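Asks: Structure incoming, see below.
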Amino acid sequence: MSRALSNLQIDSARLWGSIHETAQFGATPKGGVRRLTLSAEDKQVRDWFRRACEDAGLEVHVDALGSMFGLRRGKDMSKLPVGLGSHLDTQPTGGKYDGVLGTLAALEVVRTLNDAGIETDAPICIVNWTNEEGSRFAPAMMASAAYVGDFTTHDILSRRDHDGVTVGEALDTIGYRGATPVGTQKLGAFVELHIEQGPILEAENKTIGVVDSGQGVLWYDGKIVGFESHAGSTPMPLRRDALATLSEIVLAVEAIAKKHGPNAVGTVGEAVIAKPSRNVIPGEIAFTVDCRSSDDAIMDALDADLRAAIKDIAARRKVEATLDLVWRKPATHFNPKLVDAVENAAKMLGFSHRRITSGAGHDACNLNTVMPTAMVFVPCKDGVSHNELEDATQTDCAAGANVLMHTVLALAGVAS
Ligand code: HGY
Ligand code: MN
Ligand code: MN
C-alpha cells in the first residue's frame with residue numbers, strides 16, 4: 001500500500017460527532033440509548049442514516065426486512081462489493097456504541113474516501129442490519145440470518161413481539177419494509193467493527209481486538225405450569241409454585257454454566273408471571289434461557305444438562321415444565337485471510353492488538369457462513385455493554401475505524 005494511503009486517517013471528530021448526534025434518538029436520562037428495533041426511535045435513526053448515506057453519494061436501498069444498504073461504486077463494478085457495517089437498534093438498557101460504532105464507522109470510511117478522492121477497485125457497501133439485538137423480536141441477528149438463508153423472509157415477517165405486533169406490521173408502521181428481496185445485494189466479504197462488550201482488551205491495555213472466533217448461542221423459550229392457589233391458606237407442602245420452581249431453574253442454569261466453564265455462560269433473561277397477584281401462588285410463568293460457548297460439544301452438554309435439571313426440578317415440585325430450543329447458532333470461526341488482513345492493518349497503523357473470541361453474537365457471525373468475514377474490536381469501559389453506562393473513548397473508536405478502513409482498502413483494492 002502506498003505511503004500516502006497508509007497515512008490515510010478517518011476524521012475522528014466527525015465520527016465522534018455522528019455517534020453522539022444519533023444517541024439523541026432514544027436517549028435515556030441515565031445517558032444510555034433505548035432504541036428497540038422498528039420502533040419510532042429506530043425510524044428516527046434510520047432516516048438520519050439514509051440522509052447521511054445519500055449526502056455521501058451512496059446508492060441506498062432497503063430490503064424486505066428493512067436492512068439498509070449504501071453502495072459506493074468502484075472502478076470495476078463486475079467485482080462483488082466489500083461489505084462493512086453493523087446495526088443501529090439497541091437493547092432496552094442499551095448504550096451509545098453497541099452496533100452504532102460499526103455502522104457509523106462504515107459511514108465515516110465512505111466520507112473519508114470521498115474527501116480523499118479515492119476510488120476503490122471493487123465497490124464497497126455499508127449496511128445497517130435490522131434487529132441485531134433480538135430483544136423485541138427473536139432471534140437476534142435476525143435480518144442477517146435471513147440474508148444468509150437461515151430463515152425465510154416470510155418466517156421472519158411473521159415473528160411477533162410481546163404485544164403481538166409482527167415484524168411486517170412494525171416495518172410498515174415506520175415505512176421501512178423495502179421493495180428489494182432479502183439477499184439481492186450480494187457482497188464478496190464483510191468486516192464489522194464493534195466494541196468488545198467484555199473486559200479483556202481494557203484489562204490488557206490493548207487498542208484492537210482481532211476477532212478470530214465467536215461463541216455459539218442457544219436460546220430457549222420455557223414455560224412452567226403449577227397451580228394458582230391462596231397465598232395464605234395453602235399449606236406449604238401442597239403448593240405447586242411456578243415462581244419457586246423457576247428460582248431453582250435460574251440457579252441450575254448458573255451452576256451448569258459454571259460446571260462447563262470457563263468456556264460457557266448462561267442466564268435467564270426474561271420471566272413473566274401470567275397472572276401476578278401478591279396473594280396468589282404463581283401458577284404459570286414464561287421464561288427465556290441464553291447459553292453460550294465457543295465449543296459446540298460444550299453447547300451440546302449445556303443443552304443436555306439443562307433439560308435434565310429442569311425435568312428433575314419439575315418432577316420434585318409436581319409442576320409441568322417445557323423448554324423449547326428456539327435458536328441454535330453454532331460457534332463462529334472467521335475467515336483466516338480476513339483475520340490476517342485485520343491484524344496487518346492494526347500492525348501497519350501501530351496499534352497494540354491481540355486475537356480474541358467474541359462472547360457476543362454479531363451479524364458478522366451470520367455473514368461468515370456465506371462469505372469471508374472478520375471483525376475488529378475496540379475496548380469499552382469496564383467491559384460493560386447492554387447497560388446504559390456503556391462507554392468508550394474517542395481515541396479507541398477512531399483507532400477501530402482506521403483499522404476497519406485499511407482492512408476494507410486491502411480487500412477492495414484502490415483504483416490506480
Ligand atoms: O445477544 C447478542 O450477543 C447480541 O448482542 N445481540
Ligand atoms: Mn451489537
Ligand atoms: Mn448488543
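Going through the C-alpha cells in order, the chains are called A, B, and so on, while each chain numbers its residues from 1 and the ligands are numbered from 1 in the order shown.
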Around ligand 2, out to 9 Å and counting only C-alpha atoms and all ligand atoms, which residues are there? I want them as a list in words.
Replies: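 These are the residues that qualify: Ser86, His87, Leu88, Asp89, Thr90, Tyr97, Asp98, Gly99, Val100, Gly102, Glu132, Glu133, Met141, His194, Ile195, Gln197, Ala360, Gly361, His362, Asp363 and His386 of chain A.
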Asks: From a DSSP calculation on the backbone, collect every residue of region 194-297 of chain A in alpha helix (DSSP H) and output the set as number ranges by chain.
Replies: A: 200-203, 242-259, 296-297
Asks: Can you tell me which residues surround Asn263 (chain A) at a distance of at most 9 Å, considering only C-alpha atoms, apart from same-chain residues fewer than 5 positions away, and format the answer as a ChimeraX atom specification?
Replies: /A:215,257-258,292-295,298
Asks: Give me every strand (DSSP E or B) residue in region 160-198 of chain A, going by DSSP on the backbone, as a list in words.
Replies: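 Everything in region 160-198 of chain A that counts as strand (DSSP E or B) is Arg160, Thr166, Thr180, Ala189, Phe190, Val191, Glu192, Leu193, His194 and Ile195 of chain A.
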Asks: If we count only C-alpha atoms, what is near Ala274 (chain A) at a cut-off of 9 Å, once residues fewer than 6 positions away on the same chain are taken out, given as a list of chain:residue names?
Replies: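 Using only C-alpha atoms, the neighbours found are A:Pro282, A:Gly283, A:Glu284, A:Ile285, A:Ala286.
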Asks: If you keep N, CA and C atoms, can you produce a file of those selected residues as a PDB file, in the first residue's frame?
Replies:
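That gives us selection-v7.pdb:
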ATOM      1  N   PRO A 282     -47.995 -18.125  42.374  1.00  0.00           N
ATOM      2  CA  PRO A 282     -47.875 -18.087  40.903  1.00  0.00           C
ATOM      3  C   PRO A 282     -48.097 -19.471  40.296  1.00  0.00           C
ATOM      4  N   GLY A 283     -49.000 -19.516  39.320  1.00  0.00           N
ATOM      5  CA  GLY A 283     -49.360 -20.813  38.715  1.00  0.00           C
ATOM      6  C   GLY A 283     -48.743 -21.003  37.344  1.00  0.00           C
ATOM      7  N   GLU A 284     -48.386 -19.889  36.671  1.00  0.00           N
ATOM      8  CA  GLU A 284     -47.861 -20.060  35.293  1.00  0.00           C
ATOM      9  C   GLU A 284     -46.819 -18.984  35.000  1.00  0.00           C
ATOM     10  N   ILE A 285     -45.683 -19.424  34.477  1.00  0.00           N
ATOM     11  CA  ILE A 285     -44.593 -18.473  34.167  1.00  0.00           C
ATOM     12  C   ILE A 285     -43.986 -18.824  32.817  1.00  0.00           C
ATOM     13  N   ALA A 286     -43.718 -17.779  32.020  1.00  0.00           N
ATOM     14  CA  ALA A 286     -42.928 -17.957  30.789  1.00  0.00           C
ATOM     15  C   ALA A 286     -41.535 -17.394  31.072  1.00  0.00           C
TER      16      ALA A 286
END
Asks: So which one's closest to Ala105 (chain A), A:Asp76, A:Glu192, A:Glu202, A:Glu54? Using only C-alpha atoms, please.
Replies: A:Glu192
Asks: Using only C-alpha atoms, find the one residue out of A:Ala106, A:Ile356, A:Thr207, A:Val370 that sits nearest to Gln394 (chain A).
Replies: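 Closest candidate: A:Thr207.
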Asks: Near Asp312 (chain A), counting only C-alpha atoms, which residues have an atom at most 12 Å away, once you skip same-chain residues fewer than 4 positions from it, shown as an MDAnalysis selection string?
Replies: chainID A and resid 245 248:249 252 305:308 316:321
Asks: Which of these residues is nearest to ligand 1, using only C-alpha atoms and all ligand atoms: A:Val253, A:Val191, A:Ala364, A:Ala374?
Replies: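 When distances to ligand 1 are compared using only C-alpha atoms and all ligand atoms, the smallest one comes from A:Ala364.
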Asks: Smallest atom-to-atom distance to ligand 1: which of A:Leu80, A:Ile19, A:Ala170, A:Cys291, using only C-alpha atoms and all ligand atoms?
Replies: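 When distances to ligand 1 are compared using only C-alpha atoms and all ligand atoms, the smallest one comes from A:Cys291.
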Asks: Rank nothing, just name the residue among A:Gln91, A:Ser6, A:Thr184, A:Thr153 nearest to ligand 3, using only C-alpha atoms and all ligand atoms.
Replies: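 Closest candidate: A:Gln91.
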Asks: So how far away is CA of His406 (chain A) from CA of Asn128 (chain A), in Å?
Replies: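 Computed distance, CA of Asn128 (chain A) to CA of His406 (chain A), equals 20.2 Å.
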Asks: Residues near His353 (chain A), anyone? I mean within 8 Å using only C-alpha atoms, not counting same-chain ones fewer than 5 positions away, as a PyMOL selection string.
Replies: chain A and resi 206-210+343+346-347
Asks: Kindly export the residues of the current selection with C-alpha atoms, as a tab-separated table (two decimals), in the first residue's frame.
Replies:
chain	number	residue	atom	x	y	z
A	206	LYS	CA	-4.86	-3.38	24.04
A	207	THR	CA	-6.43	-0.98	21.50
A	208	ILE	CA	-7.56	-3.51	18.87
A	209	GLY	CA	-9.16	-6.93	19.15
A	210	VAL	CA	-8.52	-9.10	16.08
A	343	GLU	CA	-4.18	-7.91	12.06
A	346	ALA	CA	-3.57	-2.95	13.14
A	347	LYS	CA	0.18	-3.61	12.82
Asks: Leaving out Arg72 (chain A) and any residue of its chain fewer than 5 positions from it, which residues lie within 12 Å of it when counting only C-alpha atoms, given as a ChimeraX atom specification?
Replies: /A:53-61,77,80-84,106-107,109-111,113-114,118-127,412
Asks: Residues as selected, C-alpha atoms, written as a CSV table (one decimal), in the first residue's frame, can you do that?
Replies:
chain,number,residue,atom,x,y,z
A,53,CYS,CA,-25.7,7.9,3.1
A,54,GLU,CA,-27.3,9.9,0.3
A,55,ASP,CA,-25.3,13.0,1.2
A,56,ALA,CA,-22.2,10.8,0.9
A,57,GLY,CA,-23.2,9.9,-2.6
A,58,LEU,CA,-24.2,6.3,-1.9
A,59,GLU,CA,-26.9,4.4,-3.7
A,60,VAL,CA,-29.3,3.5,-0.9
A,61,HIS,CA,-31.7,0.6,-0.9
A,77,MET,CA,-18.3,-2.9,-10.9
A,80,LEU,CA,-18.7,-8.0,-5.6
A,81,PRO,CA,-18.7,-5.2,-3.1
A,82,VAL,CA,-16.8,-5.4,0.2
A,83,GLY,CA,-19.4,-5.0,2.9
A,84,LEU,CA,-18.9,-3.1,6.2
A,106,ALA,CA,-18.6,2.4,8.0
A,107,LEU,CA,-20.2,5.7,7.0
A,109,VAL,CA,-14.9,5.3,5.9
A,110,VAL,CA,-17.0,6.4,3.0
A,111,ARG,CA,-16.8,10.0,3.9
A,113,LEU,CA,-12.6,8.1,0.9
A,114,ASN,CA,-14.8,10.8,-0.6
A,118,ILE,CA,-10.1,7.7,-3.5
A,119,GLU,CA,-11.8,5.3,-5.8
A,120,THR,CA,-11.7,1.7,-4.8
A,121,ASP,CA,-11.2,-1.1,-7.4
A,122,ALA,CA,-14.1,-3.2,-6.1
A,123,PRO,CA,-17.2,-1.3,-4.9
A,124,ILE,CA,-17.9,-1.1,-1.2
A,125,CYS,CA,-21.3,-1.3,0.5
A,126,ILE,CA,-22.2,-0.1,4.0
A,127,VAL,CA,-25.0,-1.9,5.9
A,412,ALA,CA,-11.3,-3.8,-2.2
Asks: Which is closer to Phe190 (chain A) than all the others in A:Asn368, A:Ser247, A:Ser12, A:Gln24, using only C-alpha atoms?
Replies: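 Closest to Phe190 (chain A) of all the choices is A:Asn368.
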Asks: Just how far from CA of Leu218 (chain A) is CA of Ile310 (chain A), in Å to one decimal?
Replies: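 So the answer is 15.8 Å.
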Asks: When you draw a straight line from CA of Asp115 (chain A) to CA of Ala401 (chain A), how long is it in Å?
Replies: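 Between these atoms lies a distance of 15.6 Å.
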